[in-house]
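Source file: coords_19.cif; contents: mmCIF, C-alpha atoms.
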data_protein
#
loop_
_atom_site.group_PDB
_atom_site.id
_atom_site.type_symbol
_atom_site.label_atom_id
_atom_site.label_comp_id
_atom_site.auth_asym_id
_atom_site.auth_seq_id
_atom_site.Cartn_x
_atom_site.Cartn_y
_atom_site.Cartn_z
ATOM 1 C CA MET A 1 -51.678 37.958 42.043
ATOM 2 C CA PRO A 2 -50.977 39.448 38.605
ATOM 3 C CA SER A 3 -51.092 43.225 38.553
ATOM 4 C CA LEU A 4 -50.296 46.157 36.319
ATOM 5 C CA THR A 5 -47.059 46.677 38.225
ATOM 6 C CA GLY A 6 -46.202 43.166 39.392
ATOM 7 C CA ARG A 7 -43.590 40.835 37.943
ATOM 8 C CA VAL A 8 -44.798 39.610 34.576
ATOM 9 C CA LEU A 9 -43.145 38.437 31.387
ATOM 10 C CA PRO A 10 -41.751 41.282 29.240
ATOM 11 C CA THR A 11 -43.484 42.017 25.935
ATOM 12 C CA LEU A 12 -41.617 41.755 22.638
ATOM 13 C CA GLN A 13 -41.685 45.545 22.453
ATOM 14 C CA LYS A 14 -40.193 45.859 25.940
ATOM 15 C CA ARG A 15 -37.389 43.476 24.944
ATOM 16 C CA GLY A 16 -36.754 45.311 21.687
ATOM 17 C CA ALA A 17 -37.379 42.107 19.738
ATOM 18 C CA PRO A 18 -37.606 42.467 15.933
ATOM 19 C CA LEU A 19 -40.932 40.610 15.850
ATOM 20 C CA ALA A 20 -42.548 43.459 17.795
ATOM 21 C CA ALA A 21 -42.877 45.223 14.427
ATOM 22 C CA THR A 22 -45.766 44.065 12.243
ATOM 23 C CA SER A 23 -43.667 44.806 9.157
ATOM 24 C CA VAL A 24 -41.135 42.177 10.271
ATOM 25 C CA GLN A 25 -43.925 39.687 11.001
ATOM 26 C CA ARG A 26 -45.387 40.189 7.519
ATOM 27 C CA ALA A 27 -41.972 39.870 5.882
ATOM 28 C CA ARG A 28 -41.400 36.523 7.587
ATOM 29 C CA LEU A 29 -44.811 35.253 6.563
ATOM 30 C CA ASP A 30 -44.243 36.386 2.979
ATOM 31 C CA ALA A 31 -40.856 34.647 2.936
ATOM 32 C CA ALA A 32 -42.414 31.416 4.208
ATOM 33 C CA ALA A 33 -45.138 31.663 1.574
ATOM 34 C CA ALA A 34 -42.534 32.154 -1.153
ATOM 35 C CA VAL A 35 -40.695 29.008 -0.043
ATOM 36 C CA ALA A 36 -43.968 27.088 -0.077
ATOM 37 C CA GLY A 37 -44.722 28.441 -3.539
ATOM 38 C CA ALA A 38 -48.075 29.910 -2.561
ATOM 39 C CA THR A 39 -49.540 33.169 -1.298
ATOM 40 C CA PHE A 40 -52.779 33.979 0.470
ATOM 41 C CA GLU A 41 -54.077 35.521 -2.748
ATOM 42 C CA SER A 42 -53.208 32.476 -4.839
ATOM 43 C CA ALA A 43 -54.861 30.171 -2.300
ATOM 44 C CA LEU A 44 -58.044 32.248 -2.503
ATOM 45 C CA ALA A 45 -57.896 32.199 -6.289
ATOM 46 C CA GLY A 46 -57.482 28.428 -6.282
ATOM 47 C CA ALA A 47 -60.664 28.145 -4.228
ATOM 48 C CA GLY A 48 -62.519 30.555 -6.508
ATOM 49 C CA LEU A 49 -62.728 33.205 -3.771
ATOM 50 C CA PHE A 50 -60.421 35.916 -5.115
ATOM 51 C CA PRO A 51 -60.942 38.800 -4.720
ATOM 52 C CA LEU A 52 -62.341 38.208 -1.241
ATOM 53 C CA ARG A 53 -65.509 40.229 -0.714
ATOM 54 C CA THR A 54 -67.820 40.670 2.239
ATOM 55 C CA THR A 55 -71.319 39.261 2.096
ATOM 56 C CA GLY A 56 -72.551 41.189 5.127
ATOM 57 C CA MET A 57 -71.741 41.849 8.778
ATOM 58 C CA GLU A 58 -73.161 39.815 11.626
ATOM 59 C CA ILE A 59 -70.456 40.104 14.310
ATOM 60 C CA PHE A 60 -68.767 43.383 15.196
ATOM 61 C CA GLN A 61 -65.387 42.546 16.753
ATOM 62 C CA ILE A 62 -63.512 45.363 18.450
ATOM 63 C CA ASN A 63 -59.947 45.375 19.755
ATOM 64 C CA VAL A 64 -59.957 48.250 22.237
ATOM 65 C CA GLY A 65 -56.239 48.256 23.043
ATOM 66 C CA ARG A 66 -53.029 46.436 23.829
ATOM 67 C CA LYS A 67 -52.771 47.222 27.527
ATOM 68 C CA CYS A 68 -53.067 44.110 29.693
ATOM 69 C CA ASN A 69 -52.350 43.175 33.301
ATOM 70 C CA GLN A 70 -50.404 40.116 32.174
ATOM 71 C CA THR A 71 -48.047 39.166 29.364
ATOM 72 C CA CYS A 72 -48.453 35.859 27.542
ATOM 73 C CA ARG A 73 -45.631 34.379 25.503
ATOM 74 C CA HIS A 74 -48.074 33.418 22.745
ATOM 75 C CA CYS A 75 -50.022 36.711 22.582
ATOM 76 C CA HIS A 76 -50.597 37.604 18.933
ATOM 77 C CA VAL A 77 -50.873 41.350 19.680
ATOM 78 C CA ASP A 78 -47.944 41.434 22.155
ATOM 79 C CA ALA A 79 -50.174 42.918 24.859
ATOM 80 C CA GLY A 80 -48.827 43.729 28.310
ATOM 81 C CA PRO A 81 -48.616 46.264 31.149
ATOM 82 C CA ASP A 82 -46.069 48.373 29.248
ATOM 83 C CA ARG A 83 -48.301 48.832 26.200
ATOM 84 C CA THR A 84 -50.116 52.155 25.996
ATOM 85 C CA GLU A 85 -52.021 51.792 22.713
ATOM 86 C CA MET A 86 -55.736 52.174 23.468
ATOM 87 C CA MET A 87 -58.669 52.948 21.187
ATOM 88 C CA PRO A 88 -59.159 56.745 21.125
ATOM 89 C CA ASP A 89 -62.496 58.340 21.952
ATOM 90 C CA ASP A 90 -63.345 59.346 18.387
ATOM 91 C CA VAL A 91 -62.944 55.756 17.182
ATOM 92 C CA MET A 92 -64.948 54.443 20.136
ATOM 93 C CA ASP A 93 -67.719 56.907 19.284
ATOM 94 C CA GLN A 94 -67.776 55.646 15.702
ATOM 95 C CA CYS A 95 -67.922 52.034 16.884
ATOM 96 C CA LEU A 96 -70.844 52.803 19.172
ATOM 97 C CA ARG A 97 -72.717 54.503 16.339
ATOM 98 C CA VAL A 98 -72.286 51.392 14.198
ATOM 99 C CA ILE A 99 -73.350 49.082 17.029
ATOM 100 C CA GLU A 100 -76.485 51.099 17.719
ATOM 101 C CA SER A 101 -77.487 51.476 14.071
ATOM 102 C CA ALA A 102 -76.224 48.445 12.142
ATOM 103 C CA ASP A 103 -77.941 45.087 11.831
ATOM 104 C CA VAL A 104 -75.321 43.100 13.748
ATOM 105 C CA HIS A 105 -76.352 40.558 16.363
ATOM 106 C CA THR A 106 -73.073 40.250 18.315
ATOM 107 C CA VAL A 107 -70.433 42.613 19.696
ATOM 108 C CA ASP A 108 -67.162 40.762 20.362
ATOM 109 C CA ILE A 109 -64.774 42.761 22.576
ATOM 110 C CA THR A 110 -61.090 41.916 22.836
ATOM 111 C CA GLY A 111 -57.702 43.439 23.668
ATOM 112 C CA GLY A 112 -55.235 43.341 25.551
ATOM 113 C CA ALA A 113 -57.412 43.131 28.589
ATOM 114 C CA PRO A 114 -60.403 45.018 27.166
ATOM 115 C CA GLU A 115 -61.715 45.842 30.641
ATOM 116 C CA LEU A 116 -58.772 48.239 31.109
ATOM 117 C CA HIS A 117 -60.169 50.640 28.519
ATOM 118 C CA LYS A 118 -61.729 53.641 30.243
ATOM 119 C CA ARG A 119 -64.950 53.279 28.204
ATOM 120 C CA TRP A 120 -65.286 49.504 28.321
ATOM 121 C CA ARG A 121 -68.255 49.606 30.701
ATOM 122 C CA GLU A 122 -70.008 52.124 28.482
ATOM 123 C CA LEU A 123 -69.335 49.910 25.469
ATOM 124 C CA VAL A 124 -70.920 46.905 27.180
ATOM 125 C CA GLU A 125 -73.873 48.848 28.571
ATOM 126 C CA ARG A 126 -74.748 50.562 25.299
ATOM 127 C CA SER A 127 -74.299 47.362 23.311
ATOM 128 C CA THR A 128 -76.646 45.379 25.548
ATOM 129 C CA ALA A 129 -79.115 48.280 25.609
ATOM 130 C CA ALA A 130 -79.141 48.089 21.805
ATOM 131 C CA GLY A 131 -80.148 44.435 22.074
ATOM 132 C CA LYS A 132 -76.802 43.000 21.048
ATOM 133 C CA ARG A 133 -75.246 39.811 22.354
ATOM 134 C CA VAL A 134 -71.950 40.825 23.980
ATOM 135 C CA MET A 135 -68.865 38.620 24.153
ATOM 136 C CA ASP A 136 -65.896 39.668 26.288
ATOM 137 C CA ARG A 137 -62.556 37.960 25.758
ATOM 138 C CA CYS A 138 -61.386 37.988 29.356
ATOM 139 C CA ASN A 139 -58.049 36.796 30.740
ATOM 140 C CA LEU A 140 -59.814 36.072 34.086
ATOM 141 C CA THR A 141 -56.985 37.419 36.268
ATOM 142 C CA ILE A 142 -58.159 40.988 35.701
ATOM 143 C CA ALA A 143 -61.140 40.267 37.971
ATOM 144 C CA GLN A 144 -58.772 39.622 40.898
ATOM 145 C CA LEU A 145 -57.332 43.144 40.835
ATOM 146 C CA PRO A 146 -58.799 45.490 43.482
ATOM 147 C CA ASN A 147 -60.312 47.978 41.018
ATOM 148 C CA TYR A 148 -61.891 45.216 38.929
ATOM 149 C CA ARG A 149 -63.477 42.995 41.557
ATOM 150 C CA TYR A 150 -66.861 44.168 40.273
ATOM 151 C CA LEU A 151 -66.402 42.356 36.953
ATOM 152 C CA PRO A 152 -68.076 38.980 37.670
ATOM 153 C CA GLU A 153 -71.295 40.614 38.884
ATOM 154 C CA PHE A 154 -71.179 43.166 36.054
ATOM 155 C CA PHE A 155 -70.832 40.332 33.546
ATOM 156 C CA ALA A 156 -73.823 38.544 35.041
ATOM 157 C CA GLU A 157 -75.963 41.688 35.281
ATOM 158 C CA HIS A 158 -75.481 42.416 31.576
ATOM 159 C CA ARG A 159 -75.486 38.738 30.584
ATOM 160 C CA VAL A 160 -72.101 39.076 28.938
ATOM 161 C CA GLU A 161 -70.738 35.905 27.350
ATOM 162 C CA VAL A 162 -67.299 35.421 28.920
ATOM 163 C CA VAL A 163 -64.724 33.888 26.580
ATOM 164 C CA ALA A 164 -61.649 32.643 28.440
ATOM 165 C CA SER A 165 -58.981 29.977 28.250
ATOM 166 C CA LEU A 166 -56.059 28.413 30.058
ATOM 167 C CA PRO A 167 -53.120 26.982 28.109
ATOM 168 C CA HIS A 168 -52.709 24.001 30.446
ATOM 169 C CA TYR A 169 -54.380 22.188 33.333
ATOM 170 C CA ARG A 170 -51.285 22.497 35.544
ATOM 171 C CA ALA A 171 -50.268 25.682 37.325
ATOM 172 C CA LYS A 172 -46.589 25.375 36.423
ATOM 173 C CA ASN A 173 -47.245 25.117 32.697
ATOM 174 C CA THR A 174 -49.816 27.907 32.672
ATOM 175 C CA ASP A 175 -47.675 30.284 34.721
ATOM 176 C CA SER A 176 -44.643 29.656 32.506
ATOM 177 C CA GLN A 177 -46.648 31.003 29.554
ATOM 178 C CA ARG A 178 -48.682 33.715 31.249
ATOM 179 C CA GLY A 179 -46.810 34.801 34.376
ATOM 180 C CA ASP A 180 -46.612 33.923 38.062
ATOM 181 C CA GLY A 181 -49.905 33.253 39.822
ATOM 182 C CA VAL A 182 -52.053 33.338 36.691
ATOM 183 C CA PHE A 183 -53.369 29.795 37.117
ATOM 184 C CA GLU A 184 -54.629 30.274 40.681
ATOM 185 C CA ASP A 185 -56.143 33.693 39.987
ATOM 186 C CA SER A 186 -57.846 32.361 36.871
ATOM 187 C CA LEU A 187 -59.432 29.534 38.866
ATOM 188 C CA ALA A 188 -60.554 31.997 41.541
ATOM 189 C CA THR A 189 -62.402 34.047 38.925
ATOM 190 C CA LEU A 190 -63.905 30.924 37.355
ATOM 191 C CA HIS A 191 -65.271 29.874 40.756
ATOM 192 C CA GLU A 192 -66.819 33.327 41.220
ATOM 193 C CA LEU A 193 -68.439 33.142 37.795
ATOM 194 C CA ASN A 194 -69.754 29.654 38.586
ATOM 195 C CA ARG A 195 -71.328 30.920 41.815
ATOM 196 C CA LEU A 196 -73.154 33.599 39.824
ATOM 197 C CA GLY A 197 -74.540 30.997 37.437
ATOM 198 C CA TYR A 198 -71.985 30.950 34.647
ATOM 199 C CA GLY A 199 -71.600 27.456 33.272
ATOM 200 C CA GLN A 200 -74.589 26.301 35.341
ATOM 201 C CA ALA A 201 -77.800 24.891 33.885
ATOM 202 C CA GLY A 202 -80.832 27.151 33.966
ATOM 203 C CA TYR A 203 -79.075 30.519 34.247
ATOM 204 C CA GLY A 204 -78.440 31.274 30.590
ATOM 205 C CA LEU A 205 -74.992 32.667 31.371
ATOM 206 C CA THR A 206 -72.387 31.457 28.905
ATOM 207 C CA LEU A 207 -68.781 30.798 29.883
#
Using structure tokens, write down the structure from this file.
Amino acid sequence: MPSLTGRVLPTLQKRGAPLAATSVQRARLDAAAAVAGATFESALAGAGLFPLRTTGMEIFQINVGRKCNQTCRHCHVDAGPDRTEMMPDDVMDQCLRVIESADVHTVDITGGAPELHKRWRELVERSTAAGKRVMDRCNLTIAQLPNYRYLPEFFAEHRVEVVASLPHYRAKNTDSQRGDGVFEDSLATLHELNRLGYGQAGYGLTL
């Protein structure tokens, strides 16, 4: 079972890899764009969309931190058990004020494993109380950890839309990307969600 202390793949930061730094990532992307003879700005201009401006806000997406109980080779935020960056309380308070006052219909929560944030439950509860549709981008294995076994029923109680994925239909391929035991634990959580009505007709619970 994946855990915060079990054997998982090391993050880029843990390995001291250059790509752990966003500045290096941006430099590589800029270099590739230069070779291609185009930039993001020029592509927007070519489509008549530069400068890019907002036309309103319908979905409020929040990344609450990089801490995760597993490490995926393809993770775009390099999340993992060794990451300590979590949204501070003052920022969370500001987000909640926006959620409760702004005309947004959906709150989309991601991480890391967002459920590891100390105020994640409050975020979900206050968002649903404000009449918002809540989406949680869940890695599924988190619900197999002892302190998080409550998650499936909590999701169902608050009618949270659970967004999850597996990189492959075989255990070997999935575990090679996400860590030992991830495939089986993910299926275990999916079965629990199914039993509660997720993915079943007539329940209105979206998976």
message: Evaluated on this file, the PyMOL selection byres ((chain A and resi 61) around 7) picks out some residues - which ones are they, written as a PyMOL selection string?
response: chain A and resi 59-60+62-63+107-109
Selection under test: the PyMOL selection byres ((chain A and resi 88-101) around 6); residues as a PyMOL selection string: chain A and resi 87+102+130
- request: Fewer than 6 positions away in the same chain doesn't count, so skip those; otherwise give me all residues within 10 Å of A:Asn194, counting only C-alpha atoms, as number ranges by chain.
  value: A: 152, 188, 200, 205, 207
Run the PyMOL selection byres ((chain A and resi 40) around 12) mentally over the shown coordinates, then write out the matched residues as a CSV table (one decimal) with C-alpha atoms, keeping the file's coordinate frame, using the chain letters and numbers from the document.
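Written out: out.csv:
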chain,number,residue,atom,x,y,z
A,26,ARG,CA,-45.4,40.2,7.5
A,29,LEU,CA,-44.8,35.3,6.6
A,30,ASP,CA,-44.2,36.4,3.0
A,32,ALA,CA,-42.4,31.4,4.2
A,33,ALA,CA,-45.1,31.7,1.6
A,34,ALA,CA,-42.5,32.2,-1.2
A,36,ALA,CA,-44.0,27.1,-0.1
A,37,GLY,CA,-44.7,28.4,-3.5
A,38,ALA,CA,-48.1,29.9,-2.6
A,39,THR,CA,-49.5,33.2,-1.3
A,41,GLU,CA,-54.1,35.5,-2.7
A,42,SER,CA,-53.2,32.5,-4.8
A,43,ALA,CA,-54.9,30.2,-2.3
A,44,LEU,CA,-58.0,32.2,-2.5
A,45,ALA,CA,-57.9,32.2,-6.3
A,46,GLY,CA,-57.5,28.4,-6.3
A,47,ALA,CA,-60.7,28.1,-4.2
A,49,LEU,CA,-62.7,33.2,-3.8
A,50,PHE,CA,-60.4,35.9,-5.1
A,51,PRO,CA,-60.9,38.8,-4.7
A,52,LEU,CA,-62.3,38.2,-1.2
- prompt: Closest to A:His117 among A:Arg133, A:Arg53, A:Arg66, A:His168, using only C-alpha atoms?
  reply: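 Under the stated criterion, the closest residue is A:Arg66.
Interatomic distance, atom CA of A:Gly204 against atom CA of A:Ile142: 23.1 Å.
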task: Find, counting all atoms listed in the file, the residue in A:Ala156, A:Leu12, A:Leu140, A:Ala21 that gets nearest to A:Leu187.
output: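 With all atoms listed in the file as the atom set, the closest residue is A:Leu140.
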task: Just give me the gap between atom CA of A:Val77 and atom CA of A:Val163 in Å, one decimal is fine.
output: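 Answer for the atom CA of A:Val77 to atom CA of A:Val163 separation: 17.2 Å.
When only C-alpha atoms are used to measure the gap to A:Gly179, the shortest distance among A:Glu192, A:Glu85, A:Leu9, A:Thr110 belongs to A:Leu9.
Omitting A:Thr11 and its sequence neighbours fewer than 3 positions away, and counting all atoms listed in the file, the residues within 9 Å are Lys14, Arg15, Gly16, Ala17, Ala20, Thr71, Cys72, Arg73, Asp78, Ala79, Gly80, Pro81, Asp82 and Arg83 of chain A.
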message: Here is a test: counting all atoms listed in the file, which residue of A:Ala129, A:Val64, A:Ala113, A:Leu193 is nearest to A:Tyr150?
response: A:Leu193
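Take atom CA of A:Glu115 and atom CA of A:Leu145: the distance between them is 11.4 Å.
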